Protein chains: 2
Amino acid sequence: MGKDSSRSAPPSGRRAERSRQAIVAAARELFTREGFEAGMDQIAAEAGVSKVTVYNHFGSKEELFTEVAGQAMGEAHTTMAELRARLAEAADVREALLDTAHALVDAATDPSRLALRNLVTGELRRFPELARAYQHSGPARSAAAMGEVLDELCARGLLAVPDVEVAVIQFFSLTIYPHLIAASIGGALPPDLARRLLTDGVELFLERYRTASA
Amino acid sequence: MGKDSSRSAPPSGRRAERSRQAIVAAARELFTREGFEAGMDQIAAEAGVSKVTVYNHFGSKEELFTEVAGQAMGEAHTTMAELRARLAEAADVREALLDTAHALVDAATDPSRLALRNLVTGELRRFPELARAYQHSGPARSAAAMGEVLDELCARGLLAVPDVEVAVIQFFSLTIYPHLIAASIGGALPPDLARRLLTDGVELFLERYRTASA
DNA sequence: GCGCTTCTGTACTCAAGAGTTCAGTTGGCG
DNA sequence: CGCCAACTGAACTCTTGAGTACAGAAGCGC
């Protein structure tokens, strides 16, 4: 009787796995390059696979899209982890924060990350749940991690931060937000300006929050 | 012979003007609510006008869209002008900057402005020229105006700003960028947090750039 | 190697939406 | 008030792209 409540089960096996990955890779490439307007025929062709196969793996375009977006989100988690690890080694606060800021900017200006961001924001109306998922798995997680970084620096007596929630946003504002804003209109900050912004932003942050002892 | 190189001239007259405005208003409403996916039939209906009339005024959907976007951009210019006017009256720097920041945040979180922003960023791929126009008429102009504000405060001896270009971005970062970022994912900052961010951001900015005399 | 599952290729259906046609109506300018 | 430009409405064309059907050709598990 009813083998599957929704529709026939997705294919499994070695061959199927290869196809699936090729499809996701192609879809990611085309979605990030052309947005949701990318055609299924086009994706199938790019994956070197028949369109029917695509539909055997993913029941619809929406399903494929959310799969791609979800997978790309998962990759974002790595950055923050290694960031906090490196922090333990930093000698003084300025160096620590400069390091952190640099890592953040690098991550934020990474083309594939940017493409994902623009993809999600661009398709907001079509996938409201996806936007919420992105918010939760990206920005919210980064903010939490950054909060812990600041807490740690406070615990070491290097910083004095009365309102961590605010300070986290301020740090992001002074480092990555200008890049994100520029990127959201399809532009990028000139490297020279980016450099000044980074060092000066950290300076600004420090002048407010560092303790006398540091 | 050839009356018009492209196609028949757009209608003129009192009746035509009424139609045109109704069309643009309806298009703006629907485009900002549903994005470029909004249908021409839908727009015509909302404008209380026949679809043919729409095509008599605007040769294509693209043309109508750029008209709407361009018109909406024009309205953004008012804010910055009155902002600099109010600034002349402000007694002390903190108050002046708080005022400025408040006006900026109000403007940035204004729903219709946000809708325009999201509309342009969302349709970036389809209208690259439009994005450039937006960049030039919105952000670039705001940055220039803010630069003059800072210059003025420097001239009055209230601030000391070594790198105005950087300081402008920092001020925007500390005030409006968090709102823009939140809005780009379809969210909004909680009012309480927004308030703390505003006052604290100005404080942060001042601690760095105000002169001893102020 | 047998057989099931997966994949291919092509050709199809179906729906939506942009833009057009046209015969007839209406508003407004002279 | 008479004419012409602007408008209506509804039916139409065309294109595009999602999703399907099906008959046959692999690949892979056993």
# chains A, B, ... in the order shown; residues from 1 in each chain; ligands from 1
call {"tool": "interface_residues", "arguments": {"of": "chain A", "to": "chain B", "cutoff": "7 Å", "atoms": "only C-alpha atoms", "output": "list in words"}}
result
Thr121, Gly122, Ala131, Val166, Gln170, Ser173, Leu174, Tyr177, Pro178, Ser184, Ile185, Leu197, Leu204 and Arg208 of chain A
call {"tool": "select_by_dssp", "arguments": {"residues": "segment 3-212 of chain A", "states": "helix (DSSP H, G or I)", "output": "VMD selection string"}}
result
chain A and resid 14 to 37 40 to 47 51 to 57 61 to 75 77 to 87 93 to 109 111 to 122 128 to 137 139 to 155 164 to 175 177 to 184 191 to 209
call {"tool": "write_last_selection", "arguments": {"atoms": "C-alpha atoms", "output": "compact mmCIF listing (two decimals), in the first residue's frame"}}
result
# COMPACT_ATOMS: atom_id res chain seq x y z
CA ARG A 14 26.18 5.24 -5.13
CA ARG A 15 25.08 6.43 -8.53
CA ALA A 16 22.21 8.39 -7.04
CA GLU A 17 24.51 10.07 -4.57
CA ARG A 18 26.80 11.26 -7.32
CA SER A 19 23.89 12.65 -9.28
CA ARG A 20 22.50 14.35 -6.25
CA GLN A 21 25.74 16.14 -5.47
CA ALA A 22 26.22 17.19 -9.08
CA ILE A 23 22.71 18.62 -9.08
CA VAL A 24 23.17 20.54 -5.85
CA ALA A 25 26.52 21.90 -7.01
CA ALA A 26 25.12 23.03 -10.33
CA ALA A 27 22.05 24.50 -8.69
CA ARG A 28 24.14 26.41 -6.22
CA GLU A 29 26.32 27.78 -8.97
CA LEU A 30 23.40 28.90 -11.09
CA PHE A 31 21.18 30.11 -8.28
CA THR A 32 23.91 32.28 -6.86
CA ARG A 33 24.80 33.60 -10.28
CA GLU A 34 21.34 34.18 -11.73
CA GLY A 35 19.00 34.01 -8.78
CA PHE A 36 15.84 31.95 -8.57
CA GLU A 37 15.20 32.72 -12.24
CA MET A 40 15.63 23.76 -14.23
CA ASP A 41 16.70 22.71 -17.72
CA GLN A 42 19.77 24.86 -17.34
CA ILE A 43 20.58 23.35 -13.94
CA ALA A 44 20.13 19.83 -15.23
CA ALA A 45 22.38 20.56 -18.19
CA GLU A 46 25.06 22.12 -15.97
CA ALA A 47 24.91 19.07 -13.70
CA LYS A 51 15.88 16.95 -15.98
CA VAL A 52 13.84 13.96 -14.91
CA THR A 53 16.65 12.95 -12.59
CA VAL A 54 16.51 16.33 -10.94
CA TYR A 55 12.83 15.83 -10.26
CA ASN A 56 13.45 12.34 -8.97
CA HIS A 57 15.74 13.78 -6.31
CA LYS A 61 12.27 23.83 -7.73
CA GLU A 62 11.43 25.24 -4.31
CA GLU A 63 12.68 22.08 -2.66
CA LEU A 64 15.93 22.20 -4.57
CA PHE A 65 16.39 25.83 -3.71
CA THR A 66 15.89 25.36 0.01
CA GLU A 67 18.26 22.40 -0.07
CA VAL A 68 20.96 24.53 -1.67
CA ALA A 69 20.43 27.44 0.67
CA GLY A 70 20.35 25.21 3.73
CA GLN A 71 23.55 23.46 2.77
CA ALA A 72 25.34 26.73 2.13
CA MET A 73 24.26 27.98 5.54
CA GLY A 74 25.80 25.01 7.24
CA GLU A 75 29.21 25.96 5.93
CA HIS A 77 29.50 27.80 11.05
CA THR A 78 33.16 26.96 10.71
CA THR A 79 34.44 30.52 10.74
CA MET A 80 33.24 31.48 14.17
CA ALA A 81 34.64 28.40 15.82
CA GLU A 82 38.20 28.83 14.61
CA LEU A 83 37.91 32.51 15.33
CA ARG A 84 37.45 31.91 19.02
CA ALA A 85 40.29 29.43 19.05
CA ARG A 86 42.76 31.88 17.59
CA LEU A 87 41.66 34.45 20.11
CA VAL A 93 43.51 43.35 23.04
CA ARG A 94 44.13 45.43 19.96
CA GLU A 95 45.75 42.54 18.21
CA ALA A 96 42.96 40.22 19.26
CA LEU A 97 40.25 42.49 17.99
CA LEU A 98 42.12 43.30 14.80
CA ASP A 99 42.44 39.61 14.19
CA THR A 100 38.78 39.04 14.85
CA ALA A 101 37.78 41.94 12.66
CA HIS A 102 39.99 40.75 9.86
CA ALA A 103 38.52 37.28 9.99
CA LEU A 104 35.01 38.70 9.99
CA VAL A 105 35.65 40.94 7.03
CA ASP A 106 37.28 38.13 5.11
CA ALA A 107 34.30 35.92 5.77
CA ALA A 108 31.82 38.64 4.93
CA THR A 109 33.48 39.59 1.68
CA PRO A 111 32.16 35.88 -2.80
CA SER A 112 30.27 32.66 -2.15
CA ARG A 113 29.08 33.89 1.24
CA LEU A 114 28.00 37.17 -0.28
CA ALA A 115 26.23 35.41 -3.08
CA LEU A 116 24.29 33.32 -0.58
CA ARG A 117 23.35 36.40 1.35
CA ASN A 118 22.12 38.25 -1.69
CA LEU A 119 20.32 35.15 -2.81
CA VAL A 120 18.37 34.83 0.42
CA THR A 121 17.61 38.52 0.72
CA GLY A 122 16.60 38.70 -2.91
CA PRO A 128 9.95 33.72 4.25
CA GLU A 129 10.82 30.63 6.31
CA LEU A 130 14.23 30.52 4.68
CA ALA A 131 14.96 34.06 5.73
CA ARG A 132 14.14 33.18 9.30
CA ALA A 133 16.38 30.13 9.12
CA TYR A 134 19.20 32.22 7.70
CA GLN A 135 18.80 34.86 10.38
CA HIS A 136 18.96 32.18 13.03
CA SER A 137 21.86 30.20 11.67
CA PRO A 139 23.77 36.50 12.10
CA ALA A 140 22.27 35.29 15.37
CA ARG A 141 24.97 32.67 15.78
CA SER A 142 27.72 35.12 14.92
CA ALA A 143 26.36 37.59 17.41
CA ALA A 144 26.31 34.94 20.12
CA ALA A 145 29.90 33.95 19.36
CA MET A 146 31.04 37.53 19.33
CA GLY A 147 29.32 38.05 22.62
CA GLU A 148 31.33 35.23 24.12
CA VAL A 149 34.51 36.72 22.70
CA LEU A 150 33.77 40.00 24.41
CA ASP A 151 32.82 38.23 27.63
CA GLU A 152 36.13 36.43 27.57
CA LEU A 153 38.08 39.63 27.04
CA CYS A 154 36.15 41.17 29.90
CA ALA A 155 36.92 38.21 32.12
CA VAL A 164 27.39 43.41 25.58
CA GLU A 165 24.40 43.20 23.27
CA VAL A 166 25.03 46.75 22.09
CA ALA A 167 28.79 46.34 21.92
CA VAL A 168 28.50 43.29 19.69
CA ILE A 169 26.39 45.20 17.20
CA GLN A 170 28.75 48.12 17.36
CA PHE A 171 31.70 45.90 16.61
CA PHE A 172 29.93 44.36 13.66
CA SER A 173 28.87 47.81 12.54
CA LEU A 174 32.39 49.13 12.60
CA THR A 175 33.85 46.19 10.74
CA TYR A 177 28.40 46.18 8.02
CA PRO A 178 29.85 48.70 5.57
CA HIS A 179 30.92 45.79 3.39
CA LEU A 180 27.54 44.14 3.61
CA ILE A 181 25.76 47.37 2.76
CA ALA A 182 28.01 48.00 -0.21
CA ALA A 183 27.58 44.44 -1.39
CA SER A 184 23.82 44.61 -1.12
CA PRO A 191 40.65 48.21 -0.59
CA ASP A 192 42.35 51.31 0.72
CA LEU A 193 39.19 52.57 2.38
CA ALA A 194 38.47 49.10 3.73
CA ARG A 195 41.85 49.03 5.43
CA ARG A 196 41.46 52.43 7.03
CA LEU A 197 37.98 51.50 8.15
CA LEU A 198 39.17 48.33 9.78
CA THR A 199 42.06 49.70 11.82
CA ASP A 200 40.23 52.88 12.68
CA GLY A 201 37.08 51.01 13.64
CA VAL A 202 38.96 48.80 16.08
CA GLU A 203 40.61 51.90 17.47
CA LEU A 204 37.26 53.55 17.98
CA PHE A 205 35.93 50.46 19.73
CA LEU A 206 38.95 50.20 21.96
CA GLU A 207 38.92 53.80 23.06
CA ARG A 208 35.52 53.20 24.50
CA TYR A 209 35.75 49.75 26.00
call {"tool": "closest_residue", "arguments": {"among": "A:Ser60, A:Ser50, A:Ser12, A:Ala160", "to": "chain D", "atoms": "only C-alpha atoms (C1' of nucleotides)"}}
result
A:Ser60
call {"tool": "closest_atom_pairs", "arguments": {"of": "chain D", "to": "chain B", "cutoff": "7 Å", "atoms": "only C-alpha atoms (C1' of nucleotides)", "output": "CSV"}}
result
residue,atom,partner,partner_atom,distance
D:DA6,C1',B:Ala16,CA,7.0
D:DC7,C1',B:Thr53,CA,6.7
D:DT8,C1',B:Ser50,CA,6.3
call {"tool": "closest_atom_pairs", "arguments": {"of": "chain C", "to": "chain A", "cutoff": "10 Å", "atoms": "only C-alpha atoms (C1' of nucleotides)", "output": "Markdown table"}}
result
| residue | atom | partner | partner_atom | distance |
| --- | --- | --- | --- | --- |
| C:DT5 | C1' | A:Pro11 | CA | 8.3 |
| C:DT6 | C1' | A:Ala16 | CA | 7.1 |
| C:DC7 | C1' | A:Thr53 | CA | 6.6 |
| C:DT8 | C1' | A:Ser50 | CA | 6.2 |
| C:DG9 | C1' | A:Ser50 | CA | 8.0 |
call {"tool": "write_last_selection", "arguments": {"atoms": "N, CA and C atoms (P, O5', C5', C4', C3', O3' and C1' of nucleotides)", "output": "mmCIF file, in the first residue's frame"}}
result
data_model
loop_
_atom_site.group_PDB
_atom_site.id
_atom_site.type_symbol
_atom_site.label_atom_id
_atom_site.label_comp_id
_atom_site.auth_asym_id
_atom_site.auth_seq_id
_atom_site.Cartn_x
_atom_site.Cartn_y
_atom_site.Cartn_z
ATOM 1 P P DT C 5 12.930 -2.044 -7.397
ATOM 2 O "O5'" DT C 5 13.890 -0.771 -7.465
ATOM 3 C "C5'" DT C 5 15.172 -0.838 -6.863
ATOM 4 C "C4'" DT C 5 16.083 0.146 -7.557
ATOM 5 C "C3'" DT C 5 15.446 1.522 -7.783
ATOM 6 O "O3'" DT C 5 16.190 2.478 -7.060
ATOM 7 C "C1'" DT C 5 16.578 0.768 -9.729
ATOM 8 P P DT C 6 15.705 3.995 -7.032
ATOM 9 O "O5'" DT C 6 16.680 4.665 -8.093
ATOM 10 C "C5'" DT C 6 18.066 4.365 -8.053
ATOM 11 C "C4'" DT C 6 18.711 4.793 -9.362
ATOM 12 C "C3'" DT C 6 18.384 6.233 -9.772
ATOM 13 O "O3'" DT C 6 19.601 6.940 -9.922
ATOM 14 C "C1'" DT C 6 18.164 4.757 -11.599
ATOM 15 P P DC C 7 19.584 8.441 -10.344
ATOM 16 O "O5'" DC C 7 19.708 8.380 -11.928
ATOM 17 C "C5'" DC C 7 20.995 8.253 -12.506
ATOM 18 C "C4'" DC C 7 20.836 8.093 -13.998
ATOM 19 C "C3'" DC C 7 20.450 9.390 -14.720
ATOM 20 O "O3'" DC C 7 21.472 9.782 -15.613
ATOM 21 C "C1'" DC C 7 19.133 7.553 -15.449
ATOM 22 P P DT C 8 21.300 11.120 -16.381
ATOM 23 O "O5'" DT C 8 20.679 10.653 -17.760
ATOM 24 C "C5'" DT C 8 21.437 9.797 -18.601
ATOM 25 C "C4'" DT C 8 20.690 9.587 -19.909
ATOM 26 C "C3'" DT C 8 20.295 10.868 -20.630
ATOM 27 O "O3'" DT C 8 20.739 10.785 -21.973
ATOM 28 C "C1'" DT C 8 18.434 9.430 -20.441
ATOM 29 P P DG C 9 21.201 12.113 -22.711
ATOM 30 O "O5'" DG C 9 20.066 12.181 -23.824
ATOM 31 C "C5'" DG C 9 19.398 10.975 -24.202
ATOM 32 C "C4'" DG C 9 18.177 11.312 -25.028
ATOM 33 C "C3'" DG C 9 18.004 12.793 -25.337
ATOM 34 O "O3'" DG C 9 17.717 12.922 -26.720
ATOM 35 C "C1'" DG C 9 16.069 11.954 -24.219
#
call {"tool": "atom_distance", "arguments": {"atom1": "atom C1' of DA11 of chain C", "atom2": "atom C1' of DG19 of chain D"}}
result
13.3 Å
call {"tool": "atom_distance", "arguments": {"atom1": "atom CA of Phe58 of chain B", "atom2": "atom C1' of DT20 of chain C"}}
result
14.3 Å
call {"tool": "atom_distance", "arguments": {"atom1": "atom CA of Val161 of chain B", "atom2": "atom CA of Glu89 of chain B"}}
result
21.1 Å
call {"tool": "residues_around", "arguments": {"residues": "DC14 of chain D", "least_positions_apart": "5", "cutoff": "12 Å", "atoms": "only C-alpha atoms (C1' of nucleotides)", "output": "list of chain:residue names"}}
result
C:DG17, C:DA18, C:DG19, C:DT20
call {"tool": "write_last_selection", "arguments": {"atoms": "N, CA and C atoms (P, O5', C5', C4', C3', O3' and C1' of nucleotides)", "output": "PDB file, in the first residue's frame"}}
result
ATOM      1  P    DG C  17       1.015  35.280 -13.278  1.00  0.00           P
ATOM      2  O5'  DG C  17       1.876  36.251 -14.157  1.00  0.00           O
ATOM      3  C5'  DG C  17       3.142  35.845 -14.657  1.00  0.00           C
ATOM      4  C4'  DG C  17       3.349  36.484 -16.001  1.00  0.00           C
ATOM      5  C3'  DG C  17       2.664  37.852 -16.151  1.00  0.00           C
ATOM      6  O3'  DG C  17       3.571  38.746 -16.746  1.00  0.00           O
ATOM      7  C1'  DG C  17       2.120  36.475 -17.938  1.00  0.00           C
ATOM      8  P    DA C  18       3.481  40.305 -16.552  1.00  0.00           P
ATOM      9  O5'  DA C  18       4.120  40.859 -17.898  1.00  0.00           O
ATOM     10  C5'  DA C  18       5.396  40.369 -18.287  1.00  0.00           C
ATOM     11  C4'  DA C  18       5.527  40.407 -19.794  1.00  0.00           C
ATOM     12  C3'  DA C  18       5.209  41.753 -20.435  1.00  0.00           C
ATOM     13  O3'  DA C  18       6.187  42.023 -21.427  1.00  0.00           O
ATOM     14  C1'  DA C  18       3.844  40.058 -21.385  1.00  0.00           C
ATOM     15  P    DG C  19       6.482  43.518 -21.797  1.00  0.00           P
ATOM     16  O5'  DG C  19       5.490  43.685 -23.035  1.00  0.00           O
ATOM     17  C5'  DG C  19       5.837  42.991 -24.231  1.00  0.00           C
ATOM     18  C4'  DG C  19       4.646  42.849 -25.112  1.00  0.00           C
ATOM     19  C3'  DG C  19       3.981  44.154 -25.578  1.00  0.00           C
ATOM     20  O3'  DG C  19       4.140  44.238 -26.983  1.00  0.00           O
ATOM     21  C1'  DG C  19       2.390  42.482 -25.061  1.00  0.00           C
ATOM     22  P    DT C  20       3.496  45.396 -27.792  1.00  0.00           P
ATOM     23  O5'  DT C  20       2.247  44.676 -28.471  1.00  0.00           O
ATOM     24  C5'  DT C  20       2.420  43.401 -29.053  1.00  0.00           C
ATOM     25  C4'  DT C  20       1.184  43.022 -29.864  1.00  0.00           C
ATOM     26  C3'  DT C  20       0.532  44.164 -30.642  1.00  0.00           C
ATOM     27  O3'  DT C  20       0.164  43.657 -31.920  1.00  0.00           O
ATOM     28  C1'  DT C  20      -1.066  43.169 -29.219  1.00  0.00           C
TER      29       DT C  20
END
